[in-house]
$ cat target_13.tsv   # TSV, C-alpha atoms and all ligand atoms
chain	number	residue	atom	x	y	z
A	1	MET	CA	-32.60	-11.23	-6.89
A	2	MET	CA	-31.76	-9.17	-3.80
A	3	THR	CA	-29.40	-10.78	-1.31
A	4	ASP	CA	-28.81	-9.77	2.32
A	5	THR	CA	-25.62	-8.00	1.32
A	6	ASP	CA	-27.48	-5.90	-1.30
A	7	SER	CA	-30.09	-4.69	1.16
A	8	ASN	CA	-27.88	-4.25	4.22
A	9	ARG	CA	-27.87	-0.53	5.00
A	10	VAL	CA	-24.34	-0.42	6.39
A	11	LEU	CA	-22.93	-2.28	3.41
A	12	SER	CA	-24.79	-0.06	0.96
A	13	VAL	CA	-23.33	3.06	2.62
A	14	LEU	CA	-19.86	1.49	2.30
A	15	ARG	CA	-20.49	0.71	-1.36
A	16	GLU	CA	-22.06	4.00	-2.34
A	17	ARG	CA	-19.98	6.62	-0.51
A	18	ARG	CA	-17.79	8.64	-2.79
A	19	SER	CA	-15.77	11.80	-2.46
A	20	VAL	CA	-17.92	14.84	-3.16
A	21	ARG	CA	-16.33	17.87	-4.81
A	22	ASN	CA	-19.42	19.88	-5.62
A	23	TYR	CA	-21.73	21.25	-2.92
A	24	THR	CA	-24.99	23.14	-2.60
A	25	ASP	CA	-25.14	26.30	-0.47
A	26	ARG	CA	-27.13	24.51	2.25
A	27	GLU	CA	-25.45	24.88	5.63
A	28	VAL	CA	-24.64	21.84	7.77
A	29	SER	CA	-26.06	22.21	11.28
A	30	ASP	CA	-23.93	21.92	14.43
A	31	GLU	CA	-26.16	19.02	15.44
A	32	ILE	CA	-25.35	17.04	12.28
A	33	LEU	CA	-21.64	17.73	12.78
A	34	ARG	CA	-21.87	16.50	16.37
A	35	THR	CA	-23.58	13.33	15.10
A	36	ILE	CA	-20.80	12.83	12.53
A	37	ILE	CA	-18.09	13.35	15.16
A	38	ALA	CA	-19.93	11.03	17.55
A	39	ALA	CA	-19.78	8.36	14.83
A	40	GLY	CA	-16.10	9.12	14.28
A	41	ILE	CA	-15.13	8.51	17.87
A	42	GLN	CA	-16.67	5.02	17.82
A	43	ALA	CA	-13.58	3.97	15.84
A	44	PRO	CA	-11.11	1.63	17.54
A	45	THR	CA	-7.90	3.17	18.90
A	46	ALA	CA	-4.64	1.56	19.94
A	47	LEU	CA	-4.76	0.96	23.70
A	48	GLY	CA	-8.06	2.85	23.76
A	49	PHE	CA	-6.20	6.19	23.85
A	50	GLN	CA	-8.72	8.14	21.70
A	51	PRO	CA	-5.97	10.64	20.83
A	52	TRP	CA	-8.16	13.04	18.83
A	53	GLN	CA	-9.53	16.53	18.89
A	54	PHE	CA	-11.66	18.28	16.28
A	55	VAL	CA	-11.71	21.79	14.86
A	56	VAL	CA	-14.86	22.81	13.00
A	57	VAL	CA	-14.15	25.63	10.56
A	58	ARG	CA	-17.06	27.59	9.15
A	59	ASP	CA	-15.07	30.73	8.40
A	60	ARG	CA	-15.05	30.80	4.60
A	61	ASP	CA	-12.49	33.62	4.44
A	62	LEU	CA	-10.11	31.53	6.51
A	63	MET	CA	-10.74	28.50	4.28
A	64	GLN	CA	-9.97	30.70	1.28
A	65	ARG	CA	-6.72	31.87	2.94
A	66	ALA	CA	-5.76	28.26	3.66
A	67	SER	CA	-6.55	27.23	0.08
A	68	ASP	CA	-4.57	30.16	-1.35
A	69	TYR	CA	-1.63	29.18	0.87
A	70	CYS	CA	-1.67	25.47	-0.09
A	71	LYS	CA	-2.24	25.79	-3.84
A	72	PRO	CA	1.18	27.10	-4.96
A	73	ILE	CA	3.01	24.69	-2.64
A	74	LEU	CA	1.05	21.80	-4.07
A	75	ALA	CA	1.50	23.03	-7.66
A	76	ALA	CA	5.27	23.25	-7.13
A	77	LYS	CA	5.36	19.70	-5.69
A	78	ILE	CA	3.40	18.30	-8.64
A	79	ALA	CA	5.49	20.22	-11.18
A	80	GLU	CA	8.65	18.82	-9.55
A	81	GLU	CA	7.48	15.23	-9.96
A	82	PRO	CA	4.92	15.17	-12.77
A	83	ARG	CA	2.91	11.95	-13.01
A	84	PRO	CA	0.41	10.86	-15.67
A	85	GLY	CA	-3.07	12.13	-14.86
A	86	THR	CA	-1.99	15.15	-12.80
A	87	GLU	CA	-2.12	17.72	-15.65
A	88	ALA	CA	-5.76	18.69	-15.03
A	89	PHE	CA	-5.15	19.05	-11.29
A	90	LEU	CA	-2.08	21.22	-11.94
A	91	ALA	CA	-4.13	23.44	-14.25
A	92	ALA	CA	-6.88	23.70	-11.59
A	93	LEU	CA	-4.33	24.72	-8.96
A	94	LYS	CA	-3.25	27.59	-11.18
A	95	ASN	CA	-6.84	28.82	-11.56
A	96	PRO	CA	-7.53	31.58	-8.98
A	97	GLU	CA	-11.20	30.49	-8.83
A	98	TYR	CA	-10.32	26.95	-7.73
A	99	SER	CA	-10.52	26.18	-4.02
A	100	ILE	CA	-8.94	23.04	-2.61
A	101	PHE	CA	-12.08	22.91	-0.42
A	102	TYR	CA	-14.45	22.94	-3.42
A	103	ASN	CA	-16.55	25.69	-1.76
A	104	ALA	CA	-17.83	23.26	0.87
A	105	PRO	CA	-19.61	25.01	3.74
A	106	VAL	CA	-17.58	23.36	6.49
A	107	LEU	CA	-14.14	21.94	7.11
A	108	VAL	CA	-13.46	19.62	10.04
A	109	LEU	CA	-9.86	19.03	11.06
A	110	VAL	CA	-9.29	15.73	12.82
A	111	LEU	CA	-6.26	16.36	15.02
A	112	GLY	CA	-4.05	13.69	16.55
A	113	ALA	CA	-2.04	14.07	19.76
A	114	ARG	CA	1.65	14.21	18.83
A	115	GLU	CA	2.71	12.23	21.90
A	116	VAL	CA	0.62	9.19	20.88
A	117	VAL	CA	2.52	7.10	18.31
A	118	SER	CA	-0.63	5.57	16.85
A	119	SER	CA	-2.57	8.82	16.57
A	120	ALA	CA	-2.35	9.09	12.76
A	121	VAL	CA	-3.79	5.59	12.35
A	122	ASP	CA	-6.43	6.14	15.04
A	123	CYS	CA	-7.53	9.47	13.56
A	124	THR	CA	-7.66	7.97	10.07
A	125	LEU	CA	-10.08	5.30	11.29
A	126	CYS	CA	-12.10	8.05	12.95
A	127	ALA	CA	-12.15	10.06	9.72
A	128	GLY	CA	-13.34	7.00	7.78
A	129	ASN	CA	-16.25	6.61	10.19
A	130	MET	CA	-17.09	10.30	9.84
A	131	MET	CA	-17.23	10.21	6.04
A	132	LEU	CA	-19.44	7.11	6.11
A	133	ALA	CA	-21.74	8.61	8.75
A	134	ALA	CA	-22.05	11.76	6.64
A	135	TRP	CA	-23.07	9.70	3.62
A	136	ALA	CA	-25.63	7.81	5.69
A	137	LEU	CA	-27.11	11.19	6.70
A	138	GLY	CA	-27.34	12.44	3.11
A	139	LEU	CA	-24.16	14.54	3.18
A	140	GLY	CA	-21.07	14.36	1.06
A	141	SER	CA	-17.50	14.64	2.23
A	142	CYS	CA	-13.97	14.61	0.92
A	143	TRP	CA	-10.62	14.15	2.63
A	144	ILE	CA	-8.50	17.12	1.55
A	145	GLY	CA	-5.00	15.81	2.14
A	146	SER	CA	-3.45	18.86	0.52
A	147	ALA	CA	-4.87	21.06	3.30
A	148	ALA	CA	-2.40	19.49	5.75
A	149	LEU	CA	0.17	21.81	4.11
A	150	VAL	CA	-1.18	24.59	6.33
A	151	GLN	CA	1.02	23.00	8.99
A	152	GLN	CA	3.92	24.85	7.36
A	153	SER	CA	2.29	28.16	8.33
A	154	PRO	CA	2.35	29.15	12.02
A	155	ASP	CA	-0.15	31.96	11.24
A	156	LEU	CA	-2.69	29.60	9.70
A	157	LEU	CA	-2.24	27.05	12.47
A	158	ALA	CA	-2.97	29.77	15.01
A	159	ALA	CA	-5.99	31.03	13.06
A	160	LEU	CA	-7.28	27.44	12.80
A	161	LYS	CA	-6.74	26.99	16.56
A	162	VAL	CA	-4.61	23.88	16.15
A	163	PRO	CA	-2.79	23.31	19.46
A	164	GLU	CA	0.98	22.81	19.23
A	165	ASP	CA	0.80	19.35	20.77
A	166	HIS	CA	-1.53	18.12	17.99
A	167	GLN	CA	-1.04	17.52	14.28
A	168	ILE	CA	-3.63	17.72	11.52
A	169	VAL	CA	-4.28	14.13	10.43
A	170	ALA	CA	-7.49	14.42	8.43
A	171	PRO	CA	-8.83	17.64	6.91
A	172	LEU	CA	-12.40	16.72	5.92
A	173	ILE	CA	-14.95	18.84	4.10
A	174	PHE	CA	-18.68	18.21	4.48
A	175	GLY	CA	-21.79	19.52	2.79
A	176	TYR	CA	-24.89	18.61	0.87
A	177	PRO	CA	-23.92	17.23	-2.53
A	178	ALA	CA	-24.74	19.06	-5.73
A	179	PRO	CA	-25.09	16.59	-8.69
A	180	LEU	CA	-22.75	13.71	-8.00
A	181	GLN	CA	-19.82	12.49	-10.04
A	182	PRO	CA	-19.83	8.75	-10.76
A	183	LYS	CA	-18.11	6.70	-8.11
A	184	PRO	CA	-14.58	5.73	-9.18
A	185	GLU	CA	-14.43	2.02	-9.97
A	186	ARG	CA	-12.49	-0.26	-7.68
A	187	ARG	CA	-9.93	-2.67	-9.11
A	188	GLU	CA	-10.40	-6.30	-8.18
A	189	PRO	CA	-8.18	-6.68	-5.09
A	190	ARG	CA	-5.52	-9.33	-4.89
A	191	ILE	CA	-6.47	-11.64	-2.04
A	192	THR	CA	-4.13	-14.31	-0.78
A	193	TRP	CA	-5.81	-16.99	1.26
A	194	VAL	CA	-3.65	-18.91	3.71
A	195	ARG	CA	-5.51	-21.93	5.01
B	1	LIG	C1	-5.32	10.55	2.49
B	1	LIG	C2	-6.24	11.10	1.42
B	1	LIG	C3	-5.99	12.34	0.86
B	1	LIG	C4	-6.84	12.87	-0.11
B	1	LIG	N1	-6.63	14.13	-0.57
B	1	LIG	C5	-7.47	14.66	-1.49
B	1	LIG	C6	-7.31	16.02	-1.91
B	1	LIG	O1	-6.41	16.74	-1.47
B	1	LIG	N2	-8.20	16.50	-2.81
B	1	LIG	C7	-9.23	15.73	-3.31
B	1	LIG	O2	-10.00	16.23	-4.12
B	1	LIG	N3	-9.41	14.45	-2.91
B	1	LIG	C8	-8.57	13.91	-2.00
B	1	LIG	N4	-8.77	12.62	-1.54
B	1	LIG	C9	-9.91	11.83	-2.05
B	1	LIG	C10	-9.45	10.74	-3.03
B	1	LIG	O3	-9.05	11.36	-4.24
B	1	LIG	C11	-10.59	9.75	-3.24
B	1	LIG	O4	-10.92	9.14	-2.03
B	1	LIG	C12	-10.24	8.67	-4.25
B	1	LIG	O5	-10.05	9.22	-5.54
B	1	LIG	C13	-11.32	7.58	-4.34
B	1	LIG	O6	-12.56	8.16	-4.65
B	1	LIG	P1	-13.85	8.00	-3.72
B	1	LIG	O7	-13.51	8.56	-2.35
B	1	LIG	O8	-14.91	8.81	-4.42
B	1	LIG	O9	-14.19	6.55	-3.64
B	1	LIG	C14	-7.95	12.10	-0.57
B	1	LIG	C15	-8.19	10.84	0.01
B	1	LIG	C16	-7.37	10.35	0.99
B	1	LIG	C17	-7.68	9.02	1.63
$ encode --input "target_13.tsv" --output "structure tokens"
Amino acid sequence: MMTDTDSNRVLSVLRERRSVRNYTDREVSDEILRTIIAAGIQAPTALGFQPWQFVVVRDRDLMQRASDYCKPILAAKIAEEPRPGTEAFLAALKNPEYSIFYNAPVLVLVLGAREVVSSAVDCTLCAGNMMLAAWALGLGSCWIGSAALVQQSPDLLAALKVPEDHQIVAPLIFGYPAPLQPKPERREPRITWVR
């Protein structure tokens, strides 16, 4: 039997969204990206500061440069502190064909103003909205945390047009999904009720 929570469109987007790491060649229009960003900025912000800016990167050569820059740094970090389950990722990072951006057609950097203490939290909420909006519009997305390593490269920051008074909070890729991976299961959360 279908309940209200099964059929509710918002709740089904929340349930079904997953990180997409395999994309078709179909381009994402500027209009769709504006819609996704418009959804992002509906997020709440501390004191209503809205401390964000966005950089939309469609330059695939630049994405390749950024990926090539981040991969060895990431591989060295993982090799320093190996954890169970990271072997496959380490092997991928050593493969020259592997891109940290999974060949997605577009990368959006959600930038937070450095002077606003809450900007990382605010921009994270914004990024969450953006990924959910993308899913609702038939697009996939993935937060590429490793791409924040470009902040160690003044050249890449300049090429990506990141202003000095902003930090990269959320590097997000978007695109139309090629066949999807199953959604990772969620553990039952521990909930403490205080009544
Ligand atoms: C802060 C953050 C950083 C992440 N960085 C990466 C990344 O560098 N590469 C990647 O493939 N996925 C990355 N992810 C995606 C997570 O791996 C993914 O959300 C998680 O495995 C749960 O899967 P789901 O999004 O499909 O539900 C990141 C997610 C978050 C929130």
$ axis_aligned_box --input "target_13.tsv" --around "region 135-141 of chain A" --padding-each-side "8 Å" --output "lines of an AutoDock Vina configuration file"
center_x = -22.4
center_y = 11.2
center_z = 3.9
size_x = 25.8
size_y = 22.8
size_z = 21.6
$ residues_near_point --input "target_13.tsv" --point "(2.8, 24.1, -3.9)" --cutoff "12 Å" --atoms "all atoms listed in the file" --output "JSON, numbers by chain"
{"A": [67, 68, 69, 70, 71, 72, 73, 74, 75, 76, 77, 78, 79, 80, 81, 89, 90, 93, 94, 100, 146, 147, 148, 149, 150, 152]}
$ write_last_selection --input "target_13.tsv" --atoms "C-alpha atoms" --output "CSV table (one decimal), in the coordinates of the input"
chain,number,residue,atom,x,y,z
A,67,SER,CA,-6.6,27.2,0.1
A,68,ASP,CA,-4.6,30.2,-1.4
A,69,TYR,CA,-1.6,29.2,0.9
A,70,CYS,CA,-1.7,25.5,-0.1
A,71,LYS,CA,-2.2,25.8,-3.8
A,72,PRO,CA,1.2,27.1,-5.0
A,73,ILE,CA,3.0,24.7,-2.6
A,74,LEU,CA,1.0,21.8,-4.1
A,75,ALA,CA,1.5,23.0,-7.7
A,76,ALA,CA,5.3,23.2,-7.1
A,77,LYS,CA,5.4,19.7,-5.7
A,78,ILE,CA,3.4,18.3,-8.6
A,79,ALA,CA,5.5,20.2,-11.2
A,80,GLU,CA,8.6,18.8,-9.6
A,81,GLU,CA,7.5,15.2,-10.0
A,89,PHE,CA,-5.2,19.0,-11.3
A,90,LEU,CA,-2.1,21.2,-11.9
A,93,LEU,CA,-4.3,24.7,-9.0
A,94,LYS,CA,-3.2,27.6,-11.2
A,100,ILE,CA,-8.9,23.0,-2.6
A,146,SER,CA,-3.4,18.9,0.5
A,147,ALA,CA,-4.9,21.1,3.3
A,148,ALA,CA,-2.4,19.5,5.8
A,149,LEU,CA,0.2,21.8,4.1
A,150,VAL,CA,-1.2,24.6,6.3
A,152,GLN,CA,3.9,24.8,7.4
$ atom_distance --input "target_13.tsv" --atom1 "CA of Glu16 (chain A)" --atom2 "CA of Cys142 (chain A)"
13.7 Å
$ residues_near_ligand --input "target_13.tsv" --ligand "ligand LIG 1 (chain B)" --cutoff "7 Å" --atoms "all atoms listed in the file" --output "ChimeraX atom specification"
/A:17-21,100,142-147,183-184
$ write_last_selection --input "target_13.tsv" --atoms "C-alpha atoms" --output "mmCIF file, in the frame of the given file"
data_model
loop_
_atom_site.group_PDB
_atom_site.id
_atom_site.type_symbol
_atom_site.label_atom_id
_atom_site.label_comp_id
_atom_site.auth_asym_id
_atom_site.auth_seq_id
_atom_site.Cartn_x
_atom_site.Cartn_y
_atom_site.Cartn_z
ATOM 1 C CA ARG A 17 -19.980 6.620 -0.510
ATOM 2 C CA ARG A 18 -17.790 8.640 -2.790
ATOM 3 C CA SER A 19 -15.770 11.800 -2.460
ATOM 4 C CA VAL A 20 -17.920 14.840 -3.160
ATOM 5 C CA ARG A 21 -16.330 17.870 -4.810
ATOM 6 C CA ILE A 100 -8.940 23.040 -2.610
ATOM 7 C CA CYS A 142 -13.970 14.610 0.920
ATOM 8 C CA TRP A 143 -10.620 14.150 2.630
ATOM 9 C CA ILE A 144 -8.500 17.120 1.550
ATOM 10 C CA GLY A 145 -5.000 15.810 2.140
ATOM 11 C CA SER A 146 -3.450 18.860 0.520
ATOM 12 C CA ALA A 147 -4.870 21.060 3.300
ATOM 13 C CA LYS A 183 -18.110 6.700 -8.110
ATOM 14 C CA PRO A 184 -14.580 5.730 -9.180
#
$ closest_residue --input "target_13.tsv" --among "A:Glu31, A:Asp122, A:Asp25, A:Glu87" --to "Phe49 (chain A)" --atoms "only C-alpha atoms"
A:Asp122
$ residues_around --input "target_13.tsv" --residues "Ser141 (chain A)" --least-positions-apart "6" --cutoff "9 Å" --atoms "all atoms listed in the file" --output "PyMOL selection string"
chain A and resi 17-21+104+130-132+134-135+172-177
$ write_last_selection --input "target_13.tsv" --atoms "C-alpha atoms" --output "PDB file, in the coordinates of the input"
ATOM      1  CA  ARG A  17     -19.980   6.620  -0.510  1.00  0.00           C
ATOM      2  CA  ARG A  18     -17.790   8.640  -2.790  1.00  0.00           C
ATOM      3  CA  SER A  19     -15.770  11.800  -2.460  1.00  0.00           C
ATOM      4  CA  VAL A  20     -17.920  14.840  -3.160  1.00  0.00           C
ATOM      5  CA  ARG A  21     -16.330  17.870  -4.810  1.00  0.00           C
ATOM      6  CA  ALA A 104     -17.830  23.260   0.870  1.00  0.00           C
ATOM      7  CA  MET A 130     -17.090  10.300   9.840  1.00  0.00           C
ATOM      8  CA  MET A 131     -17.230  10.210   6.040  1.00  0.00           C
ATOM      9  CA  LEU A 132     -19.440   7.110   6.110  1.00  0.00           C
ATOM     10  CA  ALA A 134     -22.050  11.760   6.640  1.00  0.00           C
ATOM     11  CA  TRP A 135     -23.070   9.700   3.620  1.00  0.00           C
ATOM     12  CA  LEU A 172     -12.400  16.720   5.920  1.00  0.00           C
ATOM     13  CA  ILE A 173     -14.950  18.840   4.100  1.00  0.00           C
ATOM     14  CA  PHE A 174     -18.680  18.210   4.480  1.00  0.00           C
ATOM     15  CA  GLY A 175     -21.790  19.520   2.790  1.00  0.00           C
ATOM     16  CA  TYR A 176     -24.890  18.610   0.870  1.00  0.00           C
ATOM     17  CA  PRO A 177     -23.920  17.230  -2.530  1.00  0.00           C
TER      18      PRO A 177
END
$ residues_around --input "target_13.tsv" --residues "Gly128 (chain A)" --least-positions-apart "4" --cutoff "9 Å" --atoms "all atoms listed in the file" --output "number ranges by chain"
A: 40, 43, 123-124, 132-133
$ closest_residue --input "target_13.tsv" --among "A:Leu111, A:Ile191, A:Ala92, A:Leu14" --to "Lys161 (chain A)" --atoms "all atoms listed in the file"
A:Leu111
$ residues_around --input "target_13.tsv" --residues "Thr5 (chain A)" --least-positions-apart "6" --cutoff "12 Å" --atoms "only C-alpha atoms" --output "PyMOL selection string"
chain A and resi 11-15
$ closest_residue --input "target_13.tsv" --among "A:Val169, A:Val162, A:Val57, A:Ala46" --to "Pro105 (chain A)" --atoms "only C-alpha atoms"
A:Val57
$ atom_distance --input "target_13.tsv" --atom1 "CA of Pro154 (chain A)" --atom2 "CA of Arg60 (chain A)"
19.0 Å
$ atom_distance --input "target_13.tsv" --atom1 "CA of Arg65 (chain A)" --atom2 "CA of Glu27 (chain A)"
20.2 Å
$ closest_residue --input "target_13.tsv" --among "A:Val56, A:Ala91, A:Ile36, A:Ala66" --to "Leu107 (chain A)" --atoms "only C-alpha atoms"
A:Val56
$ closest_residue --input "target_13.tsv" --among "A:Leu62, A:Ala38, A:Val10, A:Val110" --to "Ala159 (chain A)" --atoms "all atoms listed in the file"
A:Leu62
$ closest_residue --input "target_13.tsv" --among "A:Glu97, A:Asn22, A:Gln50, A:Ser29" --to "Val121 (chain A)" --atoms "all atoms listed in the file"
A:Gln50
$ decode --input "target_13.tsv" --residues "region 92-108 of chain A" --atoms "C-alpha atoms" --output "compact mmCIF listing (two decimals), in the first residue's frame"
# COMPACT_ATOMS: atom_id res chain seq x y z
CA ALA A 92 42.39 4.27 -9.43
CA LEU A 93 44.40 7.34 -8.44
CA LYS A 94 47.48 5.75 -9.95
CA ASN A 95 45.69 5.09 -13.26
CA PRO A 96 46.42 7.95 -15.71
CA GLU A 97 42.99 7.44 -17.30
CA TYR A 98 41.14 8.08 -14.03
CA SER A 99 39.75 11.57 -13.48
CA ILE A 100 38.62 12.68 -10.04
CA PHE A 101 35.77 14.37 -11.95
CA TYR A 102 34.64 11.12 -13.62
CA ASN A 103 34.51 12.89 -17.02
CA ALA A 104 31.47 14.92 -15.96
CA PRO A 105 30.69 17.77 -18.37
CA VAL A 106 30.58 20.47 -15.71
CA LEU A 107 32.09 21.32 -12.35
CA VAL A 108 30.52 23.92 -10.08
